[in-house]
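Chemist: Quick one, run-v9.pdb (PDB, C-alpha atoms, pLDDT in the B column):
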```pdb
ATOM      1  CA  LYS A 293      82.178 114.917-191.967  1.00 74.00           C
ATOM      2  CA  GLY A 294      82.678 118.575-192.757  1.00 91.00           C
ATOM      3  CA  THR A 295      85.769 118.323-194.931  1.00 94.00           C
ATOM      4  CA  HIS A 296      84.869 121.605-196.606  1.00 95.00           C
ATOM      5  CA  HIS A 297      85.321 123.344-193.239  1.00 96.00           C
ATOM      6  CA  ALA A 298      88.865 121.959-192.951  1.00 96.00           C
ATOM      7  CA  VAL A 299      89.556 123.169-196.491  1.00 96.00           C
ATOM      8  CA  GLU A 300      88.275 126.626-195.586  1.00 96.00           C
ATOM      9  CA  ALA A 301      90.440 126.765-192.442  1.00 96.00           C
ATOM     10  CA  ALA A 302      93.546 125.718-194.379  1.00 96.00           C
ATOM     11  CA  ARG A 303      92.835 128.282-197.089  1.00 95.00           C
ATOM     12  CA  ARG A 304      92.394 131.072-194.521  1.00 95.00           C
ATOM     13  CA  LEU A 305      95.662 130.110-192.852  1.00 96.00           C
ATOM     14  CA  GLY A 306      97.567 129.578-196.103  1.00 95.00           C
ATOM     15  CA  PHE A 307      98.584 126.153-194.770  1.00 95.00           C
ATOM     16  CA  PRO A 308      98.823 122.882-196.702  1.00 96.00           C
ATOM     17  CA  LEU A 309      96.155 120.287-196.039  1.00 96.00           C
ATOM     18  CA  THR A 310      96.229 116.561-196.758  1.00 96.00           C
ATOM     19  CA  ILE A 311      92.825 114.900-196.814  1.00 95.00           C
ATOM     20  CA  ALA A 312      93.014 111.152-196.293  1.00 94.00           C
ATOM     21  CA  ALA A 313      89.643 109.437-196.306  1.00 90.00           C
ATOM     22  CA  ARG A 314      87.518 106.913-198.074  1.00 91.00           C
ATOM     23  CA  LEU A 315      85.073 108.438-200.527  1.00 92.00           C
ATOM     24  CA  LEU A 316      81.782 106.583-200.408  1.00 93.00           C
ATOM     25  CA  GLN A 317      79.518 106.696-203.444  1.00 94.00           C
ATOM     26  CA  ARG A 318      76.866 108.594-201.481  1.00 93.00           C
ATOM     27  CA  ASP A 319      79.429 111.322-200.711  1.00 92.00           C
ATOM     28  CA  VAL A 320      80.583 111.921-204.300  1.00 94.00           C
ATOM     29  CA  PRO A 321      78.195 114.849-204.952  1.00 95.00           C
ATOM     30  CA  TYR A 322      79.387 116.570-201.743  1.00 93.00           C
ATOM     31  CA  PHE A 323      83.015 115.975-202.702  1.00 94.00           C
ATOM     32  CA  GLU A 324      82.497 117.227-206.259  1.00 95.00           C
ATOM     33  CA  GLU A 325      80.782 120.432-205.090  1.00 94.00           C
ATOM     34  CA  LYS A 326      82.438 121.326-201.779  1.00 94.00           C
ATOM     35  CA  VAL A 327      85.949 119.850-201.879  1.00 94.00           C
ATOM     36  CA  LYS A 328      87.234 119.078-205.369  1.00 94.00           C
ATOM     37  CA  PRO A 329      87.098 122.689-206.664  1.00 94.00           C
ATOM     38  CA  PHE A 330      89.523 123.719-203.916  1.00 93.00           C
ATOM     39  CA  LEU A 331      92.134 121.011-204.453  1.00 94.00           C
ATOM     40  CA  THR A 332      95.421 122.735-205.271  1.00 88.00           C
ATOM     41  CA  ASP A 333      99.089 122.051-204.736  1.00 80.00           C
ATOM     42  CA  GLY A 334      98.601 122.915-201.060  1.00 93.00           C
ATOM     43  CA  ILE A 335      95.281 121.155-200.521  1.00 96.00           C
ATOM     44  CA  ARG A 336      95.320 117.563-201.697  1.00 95.00           C
ATOM     45  CA  TRP A 337      93.088 114.522-201.536  1.00 95.00           C
ATOM     46  CA  ILE A 338      94.989 111.245-201.215  1.00 95.00           C
ATOM     47  CA  GLY A 339      92.018 108.961-200.578  1.00 93.00           C
ATOM     48  CA  GLU A 340      91.901 106.063-198.168  1.00 94.00           C
ATOM     49  CA  VAL A 341      95.144 105.080-196.439  1.00 94.00           C
ATOM     50  CA  ASP A 342      96.204 102.040-194.471  1.00 94.00           C
ATOM     51  CA  GLU A 343      97.167 102.067-190.794  1.00 92.00           C
ATOM     52  CA  GLN A 344     100.884 102.596-191.414  1.00 94.00           C
ATOM     53  CA  GLN A 345     100.272 105.475-193.835  1.00 95.00           C
ATOM     54  CA  ARG A 346      97.758 107.037-191.424  1.00 93.00           C
ATOM     55  CA  ASN A 347     100.232 106.874-188.558  1.00 93.00           C
ATOM     56  CA  GLU A 348     103.001 108.449-190.654  1.00 94.00           C
ATOM     57  CA  LEU A 349     100.696 111.262-191.756  1.00 94.00           C
ATOM     58  CA  MET A 350      99.533 111.935-188.206  1.00 93.00           C
ATOM     59  CA  GLN A 351     103.041 111.880-186.743  1.00 92.00           C
ATOM     60  CA  LYS A 352     104.218 114.484-189.246  1.00 93.00           C
ATOM     61  CA  ALA A 353     101.083 116.663-189.169  1.00 95.00           C
ATOM     62  CA  LEU A 354     100.871 119.936-187.298  1.00 96.00           C
ATOM     63  CA  CYS A 355      97.409 118.887-186.164  1.00 97.00           C
ATOM     64  CA  LEU A 356      94.271 117.009-187.182  1.00 97.00           C
ATOM     65  CA  LEU A 357      91.343 119.125-188.345  1.00 96.00           C
ATOM     66  CA  ASN A 358      88.155 117.246-187.545  1.00 95.00           C
ATOM     67  CA  PRO A 359      85.219 119.558-188.282  1.00 94.00           C
ATOM     68  CA  ILE A 360      82.515 116.956-187.815  1.00 89.00           C
ATOM     69  CA  THR A 361      79.039 118.264-188.485  1.00 87.00           C
ATOM     70  CA  TYR A 362      76.948 115.705-186.619  1.00 82.00           C
ATOM     71  CA  ARG A 363      76.744 114.079-183.201  1.00 82.00           C
ATOM     72  CA  GLU A 364      79.282 111.319-183.808  1.00 77.00           C
ATOM     73  CA  PRO A 365      78.954 108.855-180.919  1.00 75.00           C
ATOM     74  CA  PHE A 366      82.671 108.017-180.822  1.00 80.00           C
ATOM     75  CA  GLY A 367      85.588 109.777-182.463  1.00 79.00           C
ATOM     76  CA  LEU A 368      88.025 107.050-183.452  1.00 87.00           C
ATOM     77  CA  VAL A 369      89.987 109.281-185.840  1.00 91.00           C
ATOM     78  CA  THR A 370      90.461 111.803-183.033  1.00 93.00           C
ATOM     79  CA  ILE A 371      91.829 109.137-180.718  1.00 93.00           C
ATOM     80  CA  GLU A 372      94.060 107.719-183.461  1.00 93.00           C
ATOM     81  CA  ALA A 373      95.516 111.184-184.024  1.00 95.00           C
ATOM     82  CA  MET A 374      96.215 111.693-180.327  1.00 95.00           C
ATOM     83  CA  ALA A 375      97.792 108.232-180.103  1.00 94.00           C
ATOM     84  CA  CYS A 376     100.238 109.413-182.784  1.00 95.00           C
ATOM     85  CA  GLY A 377     100.953 112.592-180.809  1.00 96.00           C
ATOM     86  CA  CYS A 378      98.941 114.710-183.240  1.00 96.00           C
ATOM     87  CA  PRO A 379      96.754 117.322-181.518  1.00 97.00           C
ATOM     88  CA  PRO A 380      93.163 117.290-182.796  1.00 97.00           C
ATOM     89  CA  ILE A 381      91.092 120.389-183.405  1.00 97.00           C
ATOM     90  CA  ALA A 382      87.463 119.346-183.672  1.00 96.00           C
ATOM     91  CA  PHE A 383      84.009 120.845-183.749  1.00 95.00           C
ATOM     92  CA  HIS A 384      82.013 120.551-180.527  1.00 94.00           C
ATOM     93  CA  HIS A 385      79.716 117.706-181.589  1.00 91.00           C
ATOM     94  CA  GLY A 386      78.997 114.252-180.263  1.00 89.00           C
ATOM     95  CA  ALA A 387      81.749 112.661-178.185  1.00 91.00           C
ATOM     96  CA  VAL A 388      84.395 115.288-179.030  1.00 93.00           C
ATOM     97  CA  PRO A 389      84.308 117.045-175.620  1.00 93.00           C
ATOM     98  CA  GLU A 390      84.654 113.670-173.891  1.00 92.00           C
ATOM     99  CA  ILE A 391      87.699 112.721-175.965  1.00 94.00           C
ATOM    100  CA  ILE A 392      89.704 115.946-176.152  1.00 95.00           C
ATOM    101  CA  ASP A 393      90.931 117.636-172.995  1.00 96.00           C
ATOM    102  CA  ASP A 394      90.402 121.136-174.403  1.00 96.00           C
ATOM    103  CA  GLY A 395      93.581 123.191-174.328  1.00 96.00           C
ATOM    104  CA  LYS A 396      95.686 120.253-173.118  1.00 96.00           C
ATOM    105  CA  THR A 397      95.409 117.503-175.726  1.00 96.00           C
ATOM    106  CA  GLY A 398      93.808 119.538-178.512  1.00 97.00           C
ATOM    107  CA  PHE A 399      91.045 122.061-179.000  1.00 98.00           C
ATOM    108  CA  VAL A 400      87.256 121.835-179.095  1.00 97.00           C
ATOM    109  CA  VAL A 401      85.874 124.606-181.290  1.00 97.00           C
ATOM    110  CA  GLU A 402      82.487 125.816-182.493  1.00 96.00           C
ATOM    111  CA  ASN A 403      83.194 126.987-186.043  1.00 97.00           C
ATOM    112  CA  VAL A 404      85.815 127.626-188.737  1.00 97.00           C
ATOM    113  CA  GLU A 405      86.882 130.946-187.193  1.00 98.00           C
ATOM    114  CA  GLU A 406      87.674 129.232-183.883  1.00 98.00           C
ATOM    115  CA  MET A 407      89.387 126.409-185.760  1.00 97.00           C
ATOM    116  CA  VAL A 408      91.694 128.896-187.472  1.00 98.00           C
ATOM    117  CA  GLU A 409      92.554 130.507-184.130  1.00 98.00           C
ATOM    118  CA  ALA A 410      93.186 127.098-182.553  1.00 98.00           C
ATOM    119  CA  VAL A 411      95.619 126.139-185.331  1.00 98.00           C
ATOM    120  CA  LYS A 412      97.559 129.326-184.573  1.00 97.00           C
ATOM    121  CA  LYS A 413      98.103 128.177-180.982  1.00 97.00           C
ATOM    122  CA  VAL A 414      98.430 124.414-181.554  1.00 97.00           C
ATOM    123  CA  ASP A 415     102.132 124.631-180.687  1.00 96.00           C
ATOM    124  CA  GLN A 416     100.979 125.104-177.068  1.00 96.00           C
ATOM    125  CA  ILE A 417      99.822 121.482-177.019  1.00 97.00           C
ATOM    126  CA  ASP A 418     102.339 118.931-175.752  1.00 97.00           C
ATOM    127  CA  ARG A 419     102.337 116.137-178.328  1.00 96.00           C
ATOM    128  CA  SER A 420     103.428 113.564-175.756  1.00 96.00           C
ATOM    129  CA  ALA A 421     100.458 114.600-173.585  1.00 95.00           C
ATOM    130  CA  CYS A 422      98.175 113.827-176.542  1.00 94.00           C
ATOM    131  CA  ARG A 423      99.654 110.371-176.898  1.00 95.00           C
ATOM    132  CA  ASN A 424      99.621 109.640-173.178  1.00 96.00           C
ATOM    133  CA  HIS A 425      95.983 110.783-172.895  1.00 95.00           C
ATOM    134  CA  ALA A 426      94.913 108.484-175.725  1.00 94.00           C
ATOM    135  CA  LEU A 427      96.784 105.497-174.309  1.00 93.00           C
ATOM    136  CA  GLU A 428      95.543 106.113-170.767  1.00 93.00           C
ATOM    137  CA  HIS A 429      91.884 106.649-171.617  1.00 91.00           C
ATOM    138  CA  PHE A 430      91.251 104.753-174.852  1.00 88.00           C
ATOM    139  CA  SER A 431      93.496 101.685-174.953  1.00 82.00           C
ATOM    140  CA  ALA A 432      92.116  98.174-175.385  1.00 83.00           C
ATOM    141  CA  GLU A 433      93.054  97.485-171.759  1.00 86.00           C
ATOM    142  CA  ARG A 434      91.109 100.524-170.561  1.00 82.00           C
ATOM    143  CA  MET A 435      88.105  99.472-172.635  1.00 81.00           C
ATOM    144  CA  ALA A 436      88.209  95.940-171.211  1.00 87.00           C
ATOM    145  CA  GLU A 437      88.471  97.322-167.653  1.00 86.00           C
ATOM    146  CA  GLY A 438      85.454  99.508-168.306  1.00 82.00           C
ATOM    147  CA  TYR A 439      83.387  96.597-169.570  1.00 86.00           C
ATOM    148  CA  GLU A 440      84.434  94.474-166.597  1.00 91.00           C
ATOM    149  CA  GLY A 441      83.365  97.236-164.244  1.00 87.00           C
ATOM    150  CA  ILE A 442      79.953  97.483-165.878  1.00 89.00           C
ATOM    151  CA  TYR A 443      79.497  93.702-165.826  1.00 90.00           C
ATOM    152  CA  GLU A 444      80.433  93.588-162.144  1.00 90.00           C
ATOM    153  CA  LYS A 445      77.819  96.266-161.358  1.00 90.00           C
ATOM    154  CA  VAL A 446      75.133  94.405-163.297  1.00 91.00           C
ATOM    155  CA  ILE A 447      75.989  91.109-161.570  1.00 89.00           C
ATOM    156  CA  ALA A 448      75.938  92.818-158.150  1.00 89.00           C
ATOM    157  CA  MET A 449      72.521  94.312-158.915  1.00 88.00           C
ATOM    158  CA  LYS A 450      71.164  90.862-159.834  1.00 82.00           C
ATOM    159  CA  ARG A 451      72.301  89.433-156.512  1.00 78.00           C
TER     160      ARG A 451
END
```
Written as structure tokens, how would this file's structure read?

Modeler:
Amino acid sequence: KGTHHAVEAARRLGFPLTIAARLLQRDVPYFEEKVKPFLTDGIRWIGEVDEQQRNELMQKALCLLNPITYREPFGLVTIEAMACGCPPIAFHHGAVPEIIDDGKTGFVVENVEEMVEAVKKVDQIDRSACRNHALEHFSAERMAEGYEGIYEKVIAMKR
């Protein structure tokens, strides 16, 4: 999902970076070539984490770097970060612009250069606004209401 871009942004900023993710067998060559050579004291790979560990990481993080490189249909990690009050900075792909309220709950960027600049101004994002946005727009209740609304429209059309 573009982890090497997050590594590059962290290196340019001189900031620490914790990478928490599952490493699938198909991704090992990418990891070995694009990520592993850059792991240092400041840039570390901790592997897959559970929900509690994820939440603790997100709550303490300055921001989430999510440089996805494909049209992801739904950005769960982005929403999870916002629910923890962690502002996401993500590449403009897939559902990202629908999830992040650019400049209010995080930043939608085009490339590593813009990501670096967004990190520099991430303190402008109200962390409680991130959390409130996630809860208001992406909670289980909101999802159920959305499905009910669609079902009601379909039923009305059938009548």

Chemist: Take the PyMOL selection byres ((chain A and resi 298-303) around 8), apply it to the structure above, and return the hits as a PyMOL selection string.

Modeler: chain A and resi 294-297+304-309+327+330+335+357-359+404-405+407-408

Chemist: Which protein, DNA or RNA residues have an atom at most 12 Å from (84.3, 115.3, -180.4), counting all atoms listed in the file? List them as a ChimeraX atom specification.

Modeler: /A:293,357-371,380-394,398-402

Chemist: Expanded to explicit residues, what is the PyMOL selection byres ((chain A and resi 414-420) around 8) for this file, as a list in words?

Modeler: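 Output from the PyMOL selection byres ((chain A and resi 414-420) around 8), applied to this file: Leu354, Cys355, Met374, Gly377, Cys378, Pro379, Gly395, Lys396, Thr397, Gly398, Ala410, Val411, Lys412, Lys413, Ala421, Cys422, Arg423 and Asn424 of chain A.
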
Chemist: Write a file of the just-selected residues containing C-alpha atoms, as a PDB file, in the coordinates of the input.

Modeler:
```pdb
ATOM      1  CA  LEU A 354     100.871 119.936-187.298  1.00 96.00           C
ATOM      2  CA  CYS A 355      97.409 118.887-186.164  1.00 97.00           C
ATOM      3  CA  MET A 374      96.215 111.693-180.327  1.00 95.00           C
ATOM      4  CA  GLY A 377     100.953 112.592-180.809  1.00 96.00           C
ATOM      5  CA  CYS A 378      98.941 114.710-183.240  1.00 96.00           C
ATOM      6  CA  PRO A 379      96.754 117.322-181.518  1.00 97.00           C
ATOM      7  CA  GLY A 395      93.581 123.191-174.328  1.00 96.00           C
ATOM      8  CA  LYS A 396      95.686 120.253-173.118  1.00 96.00           C
ATOM      9  CA  THR A 397      95.409 117.503-175.726  1.00 96.00           C
ATOM     10  CA  GLY A 398      93.808 119.538-178.512  1.00 97.00           C
ATOM     11  CA  ALA A 410      93.186 127.098-182.553  1.00 98.00           C
ATOM     12  CA  VAL A 411      95.619 126.139-185.331  1.00 98.00           C
ATOM     13  CA  LYS A 412      97.559 129.326-184.573  1.00 97.00           C
ATOM     14  CA  LYS A 413      98.103 128.177-180.982  1.00 97.00           C
ATOM     15  CA  ALA A 421     100.458 114.600-173.585  1.00 95.00           C
ATOM     16  CA  CYS A 422      98.175 113.827-176.542  1.00 94.00           C
ATOM     17  CA  ARG A 423      99.654 110.371-176.898  1.00 95.00           C
ATOM     18  CA  ASN A 424      99.621 109.640-173.178  1.00 96.00           C
TER      19      ASN A 424
END
```

Chemist: Apply the PyMOL selection byres ((chain A and resi 313) around 8) to the displayed file and report the matching residues as a list in words.

Modeler: Ile311, Ala312, Arg314, Leu315, Ile338, Gly339, Glu340 and Val341 of chain A

Chemist: Just the number, please: distance in Å from CA of Ala436 (chain A) to CA of Met449 (chain A), one decimal.

Modeler: 20.0 Å

Chemist: If you measure from CA of Lys326 (chain A) to CA of Leu356 (chain A), what distance in Å do you get, rounded to one decimal?

Modeler: 19.3 Å

Chemist: What lies within 9 Å of Asn347 (chain A) using only C-alpha atoms, ignoring chain neighbours under 6 positions off, as a list in words?

Modeler: Glu372, Ala373, Ala375 and Cys376 of chain A

Chemist: Please produce a file of the residues just selected, as a PDB file, in the coordinates of the input, where the atoms kept are C-alpha atoms.

Modeler:
```
ATOM      1  CA  GLU A 372      94.060 107.719-183.461  1.00 93.00           C
ATOM      2  CA  ALA A 373      95.516 111.184-184.024  1.00 95.00           C
ATOM      3  CA  ALA A 375      97.792 108.232-180.103  1.00 94.00           C
ATOM      4  CA  CYS A 376     100.238 109.413-182.784  1.00 95.00           C
TER       5      CYS A 376
END
```

Chemist: Work out how far apart CA of Glu348 (chain A) and CA of Gly334 (chain A) are and give it in Å to one decimal.

Modeler: 18.4 Å
